[in-house]
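K.L.:
This is my_file-v7.pdb (PDB, C-alpha atoms, pLDDT in the B column).
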ATOM      1  CA  MET A 557     -28.976  90.015 -15.077  1.00 47.00           C
ATOM      2  CA  SER A 558     -27.073  92.719 -16.972  1.00 70.00           C
ATOM      3  CA  LEU A 559     -23.270  92.613 -16.916  1.00 80.00           C
ATOM      4  CA  TYR A 560     -23.371  96.215 -15.684  1.00 89.00           C
ATOM      5  CA  GLU A 561     -26.121  95.909 -13.091  1.00 87.00           C
ATOM      6  CA  ASN A 562     -24.759  97.139  -9.751  1.00 93.00           C
ATOM      7  CA  PHE A 563     -21.215  97.210 -11.198  1.00 96.00           C
ATOM      8  CA  HIS A 564     -20.809 100.808 -10.029  1.00 98.00           C
ATOM      9  CA  GLN A 565     -22.656 100.383  -6.742  1.00 97.00           C
ATOM     10  CA  GLY A 566     -20.995 102.658  -4.184  1.00 98.00           C
ATOM     11  CA  ARG A 567     -19.267 104.766  -6.841  1.00 98.00           C
ATOM     12  CA  ARG A 568     -19.939 108.391  -7.691  1.00 98.00           C
ATOM     13  CA  ALA A 569     -20.132 109.596 -11.272  1.00 99.00           C
ATOM     14  CA  MET A 570     -20.216 113.163 -12.552  1.00 99.00           C
ATOM     15  CA  VAL A 571     -21.764 113.917 -15.938  1.00 99.00           C
ATOM     16  CA  THR A 572     -21.655 117.436 -17.356  1.00 99.00           C
ATOM     17  CA  GLY A 573     -24.220 118.784 -19.781  1.00 98.00           C
ATOM     18  CA  ALA A 574     -26.637 116.335 -18.167  1.00 98.00           C
ATOM     19  CA  ALA A 575     -29.913 118.234 -18.543  1.00 98.00           C
ATOM     20  CA  SER A 576     -30.534 117.004 -22.091  1.00 96.00           C
ATOM     21  CA  GLY A 577     -29.221 115.013 -25.030  1.00 96.00           C
ATOM     22  CA  ILE A 578     -26.135 112.822 -24.655  1.00 97.00           C
ATOM     23  CA  GLY A 579     -25.483 113.966 -21.090  1.00 98.00           C
ATOM     24  CA  ARG A 580     -28.975 113.067 -19.955  1.00 98.00           C
ATOM     25  CA  ALA A 581     -28.835 109.653 -21.617  1.00 98.00           C
ATOM     26  CA  THR A 582     -25.422 108.993 -20.076  1.00 98.00           C
ATOM     27  CA  ALA A 583     -26.559 110.015 -16.601  1.00 98.00           C
ATOM     28  CA  VAL A 584     -29.553 107.679 -16.865  1.00 98.00           C
ATOM     29  CA  ALA A 585     -27.380 104.812 -18.141  1.00 98.00           C
ATOM     30  CA  LEU A 586     -24.821 105.215 -15.341  1.00 98.00           C
ATOM     31  CA  ALA A 587     -27.553 105.420 -12.715  1.00 98.00           C
ATOM     32  CA  GLY A 588     -28.714 102.068 -14.054  1.00 97.00           C
ATOM     33  CA  THR A 589     -25.346 100.558 -13.082  1.00 98.00           C
ATOM     34  CA  GLY A 590     -25.825 101.551  -9.437  1.00 98.00           C
ATOM     35  CA  ALA A 591     -23.687 104.695  -9.512  1.00 98.00           C
ATOM     36  CA  HIS A 592     -24.732 107.824  -7.675  1.00 98.00           C
ATOM     37  CA  VAL A 593     -24.743 110.340 -10.528  1.00 98.00           C
ATOM     38  CA  LEU A 594     -23.971 114.024 -10.033  1.00 99.00           C
ATOM     39  CA  ALA A 595     -25.744 115.636 -12.966  1.00 99.00           C
ATOM     40  CA  VAL A 596     -24.110 118.984 -13.804  1.00 99.00           C
ATOM     41  CA  ASP A 597     -25.563 121.612 -16.116  1.00 98.00           C
ATOM     42  CA  VAL A 598     -26.319 125.328 -16.237  1.00 98.00           C
ATOM     43  CA  ASN A 599     -29.979 124.358 -16.836  1.00 98.00           C
ATOM     44  CA  ALA A 600     -31.142 123.878 -13.244  1.00 98.00           C
ATOM     45  CA  GLU A 601     -34.758 123.253 -14.210  1.00 98.00           C
ATOM     46  CA  GLY A 602     -33.774 120.471 -16.603  1.00 98.00           C
ATOM     47  CA  LEU A 603     -31.613 118.859 -13.931  1.00 98.00           C
ATOM     48  CA  GLU A 604     -34.380 118.942 -11.337  1.00 98.00           C
ATOM     49  CA  SER A 605     -36.735 117.249 -13.788  1.00 98.00           C
ATOM     50  CA  LEU A 606     -34.150 114.540 -14.482  1.00 98.00           C
ATOM     51  CA  ALA A 607     -33.402 113.964 -10.796  1.00 98.00           C
ATOM     52  CA  ALA A 608     -37.101 113.694  -9.989  1.00 98.00           C
ATOM     53  CA  GLU A 609     -37.580 111.144 -12.758  1.00 98.00           C
ATOM     54  CA  VAL A 610     -34.557 108.857 -12.233  1.00 98.00           C
ATOM     55  CA  PRO A 611     -33.470 107.442  -8.844  1.00 97.00           C
ATOM     56  CA  GLY A 612     -29.770 107.807  -8.108  1.00 98.00           C
ATOM     57  CA  ILE A 613     -29.329 111.122  -9.926  1.00 98.00           C
ATOM     58  CA  GLU A 614     -28.524 114.299  -7.999  1.00 98.00           C
ATOM     59  CA  ALA A 615     -28.963 117.722  -9.620  1.00 98.00           C
ATOM     60  CA  VAL A 616     -25.848 119.910  -9.356  1.00 98.00           C
ATOM     61  CA  PRO A 617     -26.418 123.190 -11.225  1.00 98.00           C
ATOM     62  CA  CYS A 618     -23.199 124.882 -12.366  1.00 98.00           C
ATOM     63  CA  ASP A 619     -22.033 127.333 -15.008  1.00 98.00           C
ATOM     64  CA  LEU A 620     -18.953 125.622 -16.434  1.00 98.00           C
ATOM     65  CA  SER A 621     -17.702 128.860 -17.944  1.00 98.00           C
ATOM     66  CA  ASP A 622     -17.057 130.063 -14.359  1.00 98.00           C
ATOM     67  CA  VAL A 623     -13.800 128.667 -12.936  1.00 98.00           C
ATOM     68  CA  ALA A 624     -14.751 129.608  -9.387  1.00 98.00           C
ATOM     69  CA  ALA A 625     -18.021 127.696  -9.720  1.00 98.00           C
ATOM     70  CA  ILE A 626     -16.168 124.632 -11.023  1.00 98.00           C
ATOM     71  CA  GLN A 627     -13.924 124.654  -7.954  1.00 98.00           C
ATOM     72  CA  GLU A 628     -17.021 124.374  -5.742  1.00 98.00           C
ATOM     73  CA  LEU A 629     -18.167 121.137  -7.406  1.00 98.00           C
ATOM     74  CA  PRO A 630     -17.659 117.806  -5.583  1.00 98.00           C
ATOM     75  CA  LYS A 631     -14.226 116.340  -6.189  1.00 98.00           C
ATOM     76  CA  ASP A 632     -14.761 112.822  -4.822  1.00 98.00           C
ATOM     77  CA  VAL A 633     -15.908 111.312  -8.107  1.00 98.00           C
ATOM     78  CA  ASP A 634     -14.876 107.913  -9.424  1.00 99.00           C
ATOM     79  CA  ILE A 635     -16.249 108.386 -12.943  1.00 99.00           C
ATOM     80  CA  LEU A 636     -16.042 111.701 -14.788  1.00 99.00           C
ATOM     81  CA  VAL A 637     -17.883 112.253 -18.063  1.00 99.00           C
ATOM     82  CA  ASN A 638     -16.994 115.565 -19.707  1.00 99.00           C
ATOM     83  CA  ASN A 639     -19.892 116.149 -22.073  1.00 98.00           C
ATOM     84  CA  ALA A 640     -21.066 119.765 -21.863  1.00 98.00           C
ATOM     85  CA  GLY A 641     -20.892 121.572 -25.178  1.00 96.00           C
ATOM     86  CA  MET A 642     -22.227 124.271 -27.447  1.00 94.00           C
ATOM     87  CA  GLN A 643     -21.930 125.212 -31.078  1.00 91.00           C
ATOM     88  CA  THR A 644     -21.696 128.276 -33.285  1.00 91.00           C
ATOM     89  CA  VAL A 645     -21.576 128.035 -37.076  1.00 87.00           C
ATOM     90  CA  SER A 646     -19.768 130.928 -38.728  1.00 93.00           C
ATOM     91  CA  PRO A 647     -16.811 131.654 -41.032  1.00 96.00           C
ATOM     92  CA  ILE A 648     -13.636 132.431 -39.083  1.00 98.00           C
ATOM     93  CA  GLU A 649     -13.518 136.061 -40.172  1.00 98.00           C
ATOM     94  CA  GLU A 650     -17.068 136.613 -38.889  1.00 98.00           C
ATOM     95  CA  PHE A 651     -16.846 134.417 -35.785  1.00 98.00           C
ATOM     96  CA  PRO A 652     -17.714 136.430 -32.642  1.00 98.00           C
ATOM     97  CA  VAL A 653     -14.592 136.569 -30.460  1.00 98.00           C
ATOM     98  CA  GLU A 654     -16.567 136.378 -27.212  1.00 98.00           C
ATOM     99  CA  ARG A 655     -18.353 133.263 -28.467  1.00 98.00           C
ATOM    100  CA  PHE A 656     -15.042 131.603 -29.361  1.00 98.00           C
ATOM    101  CA  GLU A 657     -13.755 132.298 -25.857  1.00 98.00           C
ATOM    102  CA  LEU A 658     -16.928 130.926 -24.247  1.00 98.00           C
ATOM    103  CA  ILE A 659     -16.747 127.691 -26.251  1.00 98.00           C
ATOM    104  CA  MET A 660     -13.111 127.237 -25.226  1.00 98.00           C
ATOM    105  CA  ARG A 661     -13.970 127.757 -21.544  1.00 98.00           C
ATOM    106  CA  VAL A 662     -16.882 125.316 -21.501  1.00 98.00           C
ATOM    107  CA  MET A 663     -15.591 122.620 -23.852  1.00 98.00           C
ATOM    108  CA  LEU A 664     -11.834 122.567 -23.225  1.00 98.00           C
ATOM    109  CA  HIS A 665     -10.871 124.518 -20.127  1.00 98.00           C
ATOM    110  CA  ALA A 666     -13.672 123.117 -17.934  1.00 99.00           C
ATOM    111  CA  PRO A 667     -12.743 119.477 -18.683  1.00 99.00           C
ATOM    112  CA  TRP A 668      -9.150 120.249 -17.662  1.00 99.00           C
ATOM    113  CA  TYR A 669     -10.287 121.760 -14.356  1.00 98.00           C
ATOM    114  CA  LEU A 670     -12.683 118.879 -13.697  1.00 99.00           C
ATOM    115  CA  ILE A 671     -10.034 116.253 -14.425  1.00 99.00           C
ATOM    116  CA  ARG A 672      -7.596 118.139 -12.190  1.00 98.00           C
ATOM    117  CA  ASN A 673     -10.222 118.182  -9.426  1.00 98.00           C
ATOM    118  CA  ALA A 674     -11.065 114.478  -9.715  1.00 98.00           C
ATOM    119  CA  ILE A 675      -7.750 112.691 -10.156  1.00 98.00           C
ATOM    120  CA  PRO A 676      -6.454 113.025  -6.569  1.00 98.00           C
ATOM    121  CA  HIS A 677      -9.514 111.065  -5.381  1.00 98.00           C
ATOM    122  CA  MET A 678      -9.173 108.556  -8.229  1.00 99.00           C
ATOM    123  CA  TYR A 679      -5.470 108.087  -7.494  1.00 98.00           C
ATOM    124  CA  ASP A 680      -6.208 107.517  -3.804  1.00 98.00           C
ATOM    125  CA  LYS A 681      -8.737 104.830  -4.752  1.00 98.00           C
ATOM    126  CA  ALA A 682      -6.390 103.341  -7.392  1.00 98.00           C
ATOM    127  CA  TRP A 683      -9.379 103.339  -9.733  1.00 98.00           C
ATOM    128  CA  GLY A 684     -11.025 105.934 -11.941  1.00 98.00           C
ATOM    129  CA  ARG A 685     -12.671 106.357 -15.326  1.00 99.00           C
ATOM    130  CA  ILE A 686     -12.576 109.548 -17.390  1.00 99.00           C
ATOM    131  CA  VAL A 687     -14.706 109.667 -20.518  1.00 99.00           C
ATOM    132  CA  ASN A 688     -14.475 112.785 -22.652  1.00 99.00           C
ATOM    133  CA  LEU A 689     -17.310 113.299 -25.117  1.00 98.00           C
ATOM    134  CA  SER A 690     -15.488 114.406 -28.207  1.00 98.00           C
ATOM    135  CA  SER A 691     -16.933 114.124 -31.707  1.00 98.00           C
ATOM    136  CA  ALA A 692     -16.120 113.011 -35.198  1.00 97.00           C
ATOM    137  CA  HIS A 693     -14.992 116.653 -35.315  1.00 97.00           C
ATOM    138  CA  GLY A 694     -12.315 115.750 -32.770  1.00 98.00           C
ATOM    139  CA  LEU A 695     -10.767 113.638 -35.544  1.00 98.00           C
ATOM    140  CA  ARG A 696     -11.850 115.531 -38.655  1.00 97.00           C
ATOM    141  CA  ALA A 697     -12.541 119.178 -39.462  1.00 97.00           C
ATOM    142  CA  SER A 698     -15.493 120.906 -41.105  1.00 92.00           C
ATOM    143  CA  GLU A 699     -15.934 124.401 -42.435  1.00 92.00           C
ATOM    144  CA  PHE A 700     -17.526 127.143 -40.302  1.00 91.00           C
ATOM    145  CA  LYS A 701     -16.940 125.345 -36.961  1.00 95.00           C
ATOM    146  CA  SER A 702     -13.538 126.686 -35.953  1.00 98.00           C
ATOM    147  CA  ALA A 703     -14.260 126.940 -32.222  1.00 98.00           C
ATOM    148  CA  TYR A 704     -15.966 123.552 -31.899  1.00 97.00           C
ATOM    149  CA  VAL A 705     -13.312 121.718 -33.932  1.00 98.00           C
ATOM    150  CA  THR A 706     -10.511 123.447 -32.021  1.00 98.00           C
ATOM    151  CA  ALA A 707     -12.047 122.522 -28.657  1.00 98.00           C
ATOM    152  CA  LYS A 708     -12.645 118.899 -29.644  1.00 98.00           C
ATOM    153  CA  HIS A 709      -9.144 118.449 -31.055  1.00 98.00           C
ATOM    154  CA  GLY A 710      -7.773 119.919 -27.823  1.00 98.00           C
ATOM    155  CA  LEU A 711      -9.937 117.548 -25.794  1.00 98.00           C
ATOM    156  CA  GLU A 712      -8.419 114.602 -27.674  1.00 98.00           C
ATOM    157  CA  GLY A 713      -4.942 115.698 -26.571  1.00 98.00           C
ATOM    158  CA  LEU A 714      -6.017 116.351 -22.989  1.00 99.00           C
ATOM    159  CA  SER A 715      -7.601 112.908 -22.788  1.00 99.00           C
ATOM    160  CA  LYS A 716      -4.398 111.230 -23.974  1.00 98.00           C
ATOM    161  CA  VAL A 717      -2.254 113.066 -21.418  1.00 99.00           C
ATOM    162  CA  ALA A 718      -4.694 112.103 -18.654  1.00 99.00           C
ATOM    163  CA  ALA A 719      -4.446 108.488 -19.837  1.00 99.00           C
ATOM    164  CA  LEU A 720      -0.649 108.498 -19.670  1.00 99.00           C
ATOM    165  CA  GLU A 721      -0.506 110.130 -16.259  1.00 99.00           C
ATOM    166  CA  GLY A 722      -3.349 108.060 -14.849  1.00 98.00           C
ATOM    167  CA  ALA A 723      -2.136 104.667 -16.018  1.00 98.00           C
ATOM    168  CA  PRO A 724       0.111 103.920 -12.993  1.00 98.00           C
ATOM    169  CA  HIS A 725      -2.825 104.785 -10.697  1.00 98.00           C
ATOM    170  CA  GLY A 726      -5.553 102.600 -12.213  1.00 98.00           C
ATOM    171  CA  VAL A 727      -7.184 105.549 -13.975  1.00 99.00           C
ATOM    172  CA  THR A 728      -8.184 105.392 -17.628  1.00 99.00           C
ATOM    173  CA  SER A 729      -9.110 108.207 -19.995  1.00 99.00           C
ATOM    174  CA  VAL A 730     -10.784 107.882 -23.391  1.00 99.00           C
ATOM    175  CA  THR A 731     -12.789 109.922 -25.862  1.00 99.00           C
ATOM    176  CA  VAL A 732     -16.079 109.009 -27.504  1.00 98.00           C
ATOM    177  CA  ASN A 733     -16.537 110.383 -30.991  1.00 98.00           C
ATOM    178  CA  PRO A 734     -20.102 110.429 -32.274  1.00 98.00           C
ATOM    179  CA  ALA A 735     -21.286 111.689 -35.612  1.00 96.00           C
ATOM    180  CA  TYR A 736     -24.409 113.851 -35.444  1.00 93.00           C
ATOM    181  CA  VAL A 737     -26.621 112.806 -32.538  1.00 94.00           C
ATOM    182  CA  ARG A 738     -30.320 113.590 -32.301  1.00 89.00           C
ATOM    183  CA  THR A 739     -30.008 116.293 -29.615  1.00 88.00           C
ATOM    184  CA  PRO A 740     -31.219 119.881 -29.119  1.00 82.00           C
ATOM    185  CA  LEU A 741     -27.679 121.063 -30.001  1.00 75.00           C
ATOM    186  CA  VAL A 742     -27.812 119.311 -33.367  1.00 83.00           C
ATOM    187  CA  GLU A 743     -31.317 120.578 -34.061  1.00 83.00           C
ATOM    188  CA  LYS A 744     -30.008 124.105 -33.578  1.00 81.00           C
ATOM    189  CA  GLN A 745     -27.057 123.344 -35.851  1.00 76.00           C
ATOM    190  CA  ILE A 746     -29.452 122.233 -38.567  1.00 86.00           C
ATOM    191  CA  ALA A 747     -31.191 125.600 -38.435  1.00 86.00           C
ATOM    192  CA  ASP A 748     -27.871 127.493 -38.340  1.00 80.00           C
ATOM    193  CA  GLN A 749     -26.443 125.525 -41.264  1.00 78.00           C
ATOM    194  CA  ALA A 750     -29.615 126.111 -43.264  1.00 89.00           C
ATOM    195  CA  ALA A 751     -29.212 129.851 -42.768  1.00 88.00           C
ATOM    196  CA  THR A 752     -25.475 129.783 -43.550  1.00 80.00           C
ATOM    197  CA  HIS A 753     -25.811 127.704 -46.720  1.00 84.00           C
ATOM    198  CA  LYS A 754     -29.228 129.087 -47.707  1.00 90.00           C
ATOM    199  CA  ILE A 755     -30.804 125.657 -48.095  1.00 93.00           C
ATOM    200  CA  SER A 756     -33.670 123.814 -46.381  1.00 93.00           C
ATOM    201  CA  GLU A 757     -33.190 121.988 -43.077  1.00 90.00           C
ATOM    202  CA  ASP A 758     -33.900 118.621 -44.742  1.00 87.00           C
ATOM    203  CA  GLU A 759     -31.122 119.354 -47.218  1.00 89.00           C
ATOM    204  CA  VAL A 760     -28.768 120.195 -44.339  1.00 89.00           C
ATOM    205  CA  VAL A 761     -29.320 116.750 -42.813  1.00 86.00           C
ATOM    206  CA  GLN A 762     -28.918 114.828 -46.070  1.00 85.00           C
ATOM    207  CA  LYS A 763     -26.336 116.909 -47.924  1.00 85.00           C
ATOM    208  CA  ILE A 764     -24.174 118.226 -45.063  1.00 84.00           C
ATOM    209  CA  MET A 765     -24.621 116.281 -41.827  1.00 86.00           C
ATOM    210  CA  LEU A 766     -24.889 112.830 -43.377  1.00 91.00           C
ATOM    211  CA  ASP A 767     -22.669 113.551 -46.364  1.00 91.00           C
ATOM    212  CA  ARG A 768     -19.588 111.965 -44.737  1.00 93.00           C
ATOM    213  CA  VAL A 769     -21.576 109.431 -42.726  1.00 95.00           C
ATOM    214  CA  HIS A 770     -21.888 106.122 -44.547  1.00 95.00           C
ATOM    215  CA  VAL A 771     -24.564 104.757 -42.216  1.00 95.00           C
ATOM    216  CA  LYS A 772     -27.240 107.271 -43.174  1.00 92.00           C
ATOM    217  CA  ARG A 773     -28.896 107.983 -39.834  1.00 90.00           C
ATOM    218  CA  LEU A 774     -28.557 110.263 -36.842  1.00 92.00           C
ATOM    219  CA  VAL A 775     -27.150 108.591 -33.740  1.00 96.00           C
ATOM    220  CA  GLU A 776     -29.551 108.328 -30.797  1.00 96.00           C
ATOM    221  CA  PRO A 777     -28.352 109.717 -27.421  1.00 97.00           C
ATOM    222  CA  GLU A 778     -28.996 106.382 -25.708  1.00 98.00           C
ATOM    223  CA  GLU A 779     -26.483 104.669 -28.007  1.00 98.00           C
ATOM    224  CA  VAL A 780     -23.768 107.036 -26.822  1.00 98.00           C
ATOM    225  CA  GLY A 781     -24.783 106.565 -23.192  1.00 98.00           C
ATOM    226  CA  GLU A 782     -24.473 102.807 -23.519  1.00 98.00           C
ATOM    227  CA  LEU A 783     -21.005 103.138 -25.040  1.00 98.00           C
ATOM    228  CA  VAL A 784     -19.940 105.324 -22.113  1.00 98.00           C
ATOM    229  CA  VAL A 785     -21.174 102.651 -19.703  1.00 98.00           C
ATOM    230  CA  PHE A 786     -19.164 100.008 -21.588  1.00 98.00           C
ATOM    231  CA  LEU A 787     -16.030 102.167 -21.396  1.00 98.00           C
ATOM    232  CA  THR A 788     -16.367 102.358 -17.604  1.00 98.00           C
ATOM    233  CA  GLY A 789     -17.437  98.741 -17.142  1.00 97.00           C
ATOM    234  CA  PRO A 790     -15.815  95.393 -16.342  1.00 97.00           C
ATOM    235  CA  ALA A 791     -13.824  95.228 -19.584  1.00 96.00           C
ATOM    236  CA  SER A 792     -12.478  98.804 -19.451  1.00 98.00           C
ATOM    237  CA  ALA A 793      -9.206  98.423 -17.543  1.00 98.00           C
ATOM    238  CA  SER A 794      -7.026  98.569 -20.675  1.00 98.00           C
ATOM    239  CA  MET A 795      -9.252 100.918 -22.677  1.00 98.00           C
ATOM    240  CA  SER A 796      -7.247 104.099 -22.315  1.00 98.00           C
ATOM    241  CA  GLY A 797      -5.582 106.808 -24.344  1.00 98.00           C
ATOM    242  CA  THR A 798      -7.638 106.264 -27.468  1.00 98.00           C
ATOM    243  CA  SER A 799     -10.785 107.380 -29.274  1.00 98.00           C
ATOM    244  CA  TYR A 800     -13.978 105.392 -29.792  1.00 98.00           C
ATOM    245  CA  PRO A 801     -15.877 106.575 -32.870  1.00 98.00           C
ATOM    246  CA  ILE A 802     -19.611 105.997 -33.111  1.00 98.00           C
ATOM    247  CA  ASP A 803     -19.805 107.809 -36.417  1.00 97.00           C
ATOM    248  CA  GLY A 804     -21.232 105.569 -39.127  1.00 97.00           C
ATOM    249  CA  ALA A 805     -17.764 105.165 -40.711  1.00 97.00           C
ATOM    250  CA  TRP A 806     -17.245 108.948 -41.091  1.00 96.00           C
ATOM    251  CA  THR A 807     -13.614 108.659 -39.957  1.00 96.00           C
ATOM    252  CA  ALA A 808     -12.896 105.343 -41.699  1.00 95.00           C
ATOM    253  CA  TYR A 809     -10.716 107.060 -44.320  1.00 81.00           C
TER     254      TYR A 809
END
What does the file become when written as structure tokens?
P.N.:
Amino acid sequence: MSLYENFHQGRRAMVTGAASGIGRATAVALAGTGAHVLAVDVNAEGLESLAAEVPGIEAVPCDLSDVAAIQELPKDVDILVNNAGMQTVSPIEEFPVERFELIMRVMLHAPWYLIRNAIPHMYDKAWGRIVNLSSAHGLRASEFKSAYVTAKHGLEGLSKVAALEGAPHGVTSVTVNPAYVRTPLVEKQIADQAATHKISEDEVVQKIMLDRVHVKRLVEPEEVGELVVFLTGPASASMSGTSYPIDGAWTAY
């Protein structure tokens, strides 16, 4: 019997960006612990497919760039996984202003609103787990990703404040910091980087994406999902206010 089997029975988890990639893998992993998972994404079709495939997952379509829509989401969640994200690769002077604003709304502002929505319930229960999907880029910077790096660095700070405020109430908050994960978002980045640097997509993976990664492989989404489960599991009570890299030693120096 798994250590995590039925550990979250009777609890409700919310995972954003759950229609694909890391979010999907995390939703599936949490459902496997007995949690009722509210899968949130703007991609309603992807959510319906996921919910039909995996028992314990409920599709909750939402545009996280819309504050009013966020306020309509369920607030009685015991586990919150802020994962939704997007990427644009461009020099700062050419970066579209409206795209910068959108990335901030989805990747930094929305997590703040969702944490604000969830903590009253968590405090009442004297138990809660907040996991913020950051990135190696939450700890290190790269060229041409000003919006993404800004949002992830901001998420690191938000997570630490939530950890400090939540500690007296049995609520923990951490970040998970993967290197490049084999997701649709990364596949798009490969194409964008190839165009920006005028090199082949294979060269992007080897020369750019894995350049700082000492373990020369892309991370699989399921690996990140399993780490999220661990950070909400039986041993997680003192895991708070810090970052958990899964980055092939990218940030080791």
K.L.:
Taking the file as shown, find all residues satisfying the PyMOL selection byres ((chain A and resi 747) around 12) and write them as a PyMOL selection string.
P.N.:
chain A and resi 643-645+740-746+748-761+765
K.L.:
Nearest to A:His564 among A:Gln762, A:Thr589, A:Thr706, A:Thr739, with distances taken over only C-alpha atoms: which residue is it?
P.N.:
A:Thr589
K.L.:
I'd like a table as JSON lines: residues in stretch 633-692 of chain A with an atom no more than 10 Å from stretch 565-585 of chain A, each row giving the shortest atom pair and its distance in Å to one decimal, all atoms listed in the file counted, sorted by chain and rising residue number.
P.N.:
{"residue": "A:Val633", "atom": "CA", "partner": "A:Arg568", "partner_atom": "CA", "distance": 5.0}
{"residue": "A:Asp634", "atom": "CA", "partner": "A:Arg568", "partner_atom": "CA", "distance": 5.4}
{"residue": "A:Ile635", "atom": "CA", "partner": "A:Ala569", "partner_atom": "CA", "distance": 4.4}
{"residue": "A:Leu636", "atom": "CA", "partner": "A:Met570", "partner_atom": "CA", "distance": 5.0}
{"residue": "A:Val637", "atom": "CA", "partner": "A:Val571", "partner_atom": "CA", "distance": 4.7}
{"residue": "A:Asn638", "atom": "CA", "partner": "A:Thr572", "partner_atom": "CA", "distance": 5.5}
{"residue": "A:Asn639", "atom": "CA", "partner": "A:Thr572", "partner_atom": "CA", "distance": 5.2}
{"residue": "A:Ala640", "atom": "CA", "partner": "A:Gly573", "partner_atom": "CA", "distance": 3.9}
{"residue": "A:Gly641", "atom": "CA", "partner": "A:Gly573", "partner_atom": "CA", "distance": 6.9}
{"residue": "A:Met642", "atom": "CA", "partner": "A:Gly573", "partner_atom": "CA", "distance": 9.6}
{"residue": "A:Val662", "atom": "CA", "partner": "A:Gly573", "partner_atom": "CA", "distance": 10.0}
{"residue": "A:Ala666", "atom": "CA", "partner": "A:Thr572", "partner_atom": "CA", "distance": 9.8}
{"residue": "A:Pro667", "atom": "CA", "partner": "A:Thr572", "partner_atom": "CA", "distance": 9.2}
{"residue": "A:Leu670", "atom": "CA", "partner": "A:Met570", "partner_atom": "CA", "distance": 9.5}
{"residue": "A:Ala674", "atom": "CA", "partner": "A:Met570", "partner_atom": "CA", "distance": 9.7}
{"residue": "A:Gly684", "atom": "CA", "partner": "A:Arg567", "partner_atom": "CA", "distance": 9.8}
{"residue": "A:Arg685", "atom": "CA", "partner": "A:Ala569", "partner_atom": "CA", "distance": 9.1}
{"residue": "A:Ile686", "atom": "CA", "partner": "A:Ala569", "partner_atom": "CA", "distance": 9.7}
{"residue": "A:Val687", "atom": "CA", "partner": "A:Val571", "partner_atom": "CA", "distance": 9.4}
{"residue": "A:Asn688", "atom": "CA", "partner": "A:Val571", "partner_atom": "CA", "distance": 10.0}
{"residue": "A:Leu689", "atom": "CA", "partner": "A:Ile578", "partner_atom": "CA", "distance": 8.8}
K.L.:
For C-alpha atoms, I'd like the residues from the last selection saved as an mmCIF file, in the coordinates of the input.
P.N.:
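File produced: out38.cif:
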data_model
loop_
_atom_site.group_PDB
_atom_site.id
_atom_site.type_symbol
_atom_site.label_atom_id
_atom_site.label_comp_id
_atom_site.auth_asym_id
_atom_site.auth_seq_id
_atom_site.Cartn_x
_atom_site.Cartn_y
_atom_site.Cartn_z
ATOM 1 C CA VAL A 633 -15.908 111.312 -8.107
ATOM 2 C CA ASP A 634 -14.876 107.913 -9.424
ATOM 3 C CA ILE A 635 -16.249 108.386 -12.943
ATOM 4 C CA LEU A 636 -16.042 111.701 -14.788
ATOM 5 C CA VAL A 637 -17.883 112.253 -18.063
ATOM 6 C CA ASN A 638 -16.994 115.565 -19.707
ATOM 7 C CA ASN A 639 -19.892 116.149 -22.073
ATOM 8 C CA ALA A 640 -21.066 119.765 -21.863
ATOM 9 C CA GLY A 641 -20.892 121.572 -25.178
ATOM 10 C CA MET A 642 -22.227 124.271 -27.447
ATOM 11 C CA VAL A 662 -16.882 125.316 -21.501
ATOM 12 C CA ALA A 666 -13.672 123.117 -17.934
ATOM 13 C CA PRO A 667 -12.743 119.477 -18.683
ATOM 14 C CA LEU A 670 -12.683 118.879 -13.697
ATOM 15 C CA ALA A 674 -11.065 114.478 -9.715
ATOM 16 C CA GLY A 684 -11.025 105.934 -11.941
ATOM 17 C CA ARG A 685 -12.671 106.357 -15.326
ATOM 18 C CA ILE A 686 -12.576 109.548 -17.390
ATOM 19 C CA VAL A 687 -14.706 109.667 -20.518
ATOM 20 C CA ASN A 688 -14.475 112.785 -22.652
ATOM 21 C CA LEU A 689 -17.310 113.299 -25.117
#
K.L.:
Just how far from atom CA of A:Pro801 is atom CA of A:Asn733, in Å to one decimal?
P.N.:
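Computed distance, atom CA of A:Asn733 to atom CA of A:Pro801, equals 4.3 Å.
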K.L.:
Run the PyMOL selection byres ((chain A and resi 780) around 8) on the file and write out the hits as a VMD selection string.
P.N.:
chain A and resid 578 581 to 582 732 734 775 to 779 781 to 784 802
K.L.:
As a check of understanding, name the residues that the PyMOL selection byres ((chain A and resi 606) around 9) selects in the supplied structure, as a list in words.
P.N.:
Ala574, Ala575, Ser576, Arg580, Val584, Ala595, Glu601, Gly602, Leu603, Glu604, Ser605, Ala607, Ala608, Glu609, Val610, Ile613, Glu614 and Ala615 of chain A
K.L.:
Rounded to one decimal, what separation in Å do you get between atom CA of A:Val727 and atom CA of A:Lys708?
P.N.:
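So the two atoms, atom CA of A:Val727 and atom CA of A:Lys708, lie 21.3 Å apart.
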K.L.:
How far is it from atom CA of A:Leu664 to atom CA of A:Ser715, in Å with one decimal?
P.N.:
10.6 Å
K.L.:
Please report, as JSON lines, each residue of stretch 644-673 of chain A lying at most 9 Å from stretch 616-632 of chain A, together with the nearest pair of atoms and the separation in Å rounded to one decimal; use all atoms listed in the file, and order rows by chain and ascending residue number.
P.N.:
{"residue": "A:Leu658", "atom": "CA", "partner": "A:Ser621", "partner_atom": "CA", "distance": 6.7}
{"residue": "A:Ile659", "atom": "CA", "partner": "A:Ser621", "partner_atom": "CA", "distance": 8.4}
{"residue": "A:Met660", "atom": "CA", "partner": "A:Ser621", "partner_atom": "CA", "distance": 8.8}
{"residue": "A:Arg661", "atom": "CA", "partner": "A:Ser621", "partner_atom": "CA", "distance": 5.3}
{"residue": "A:Val662", "atom": "CA", "partner": "A:Ser621", "partner_atom": "CA", "distance": 5.1}
{"residue": "A:Met663", "atom": "CA", "partner": "A:Leu620", "partner_atom": "CA", "distance": 8.7}
{"residue": "A:His665", "atom": "CA", "partner": "A:Ser621", "partner_atom": "CA", "distance": 8.4}
{"residue": "A:Ala666", "atom": "CA", "partner": "A:Leu620", "partner_atom": "CA", "distance": 6.0}
{"residue": "A:Tyr669", "atom": "CA", "partner": "A:Ile626", "partner_atom": "CA", "distance": 7.3}
{"residue": "A:Leu670", "atom": "CA", "partner": "A:Ile626", "partner_atom": "CA", "distance": 7.2}
{"residue": "A:Asn673", "atom": "CA", "partner": "A:Lys631", "partner_atom": "CA", "distance": 5.5}
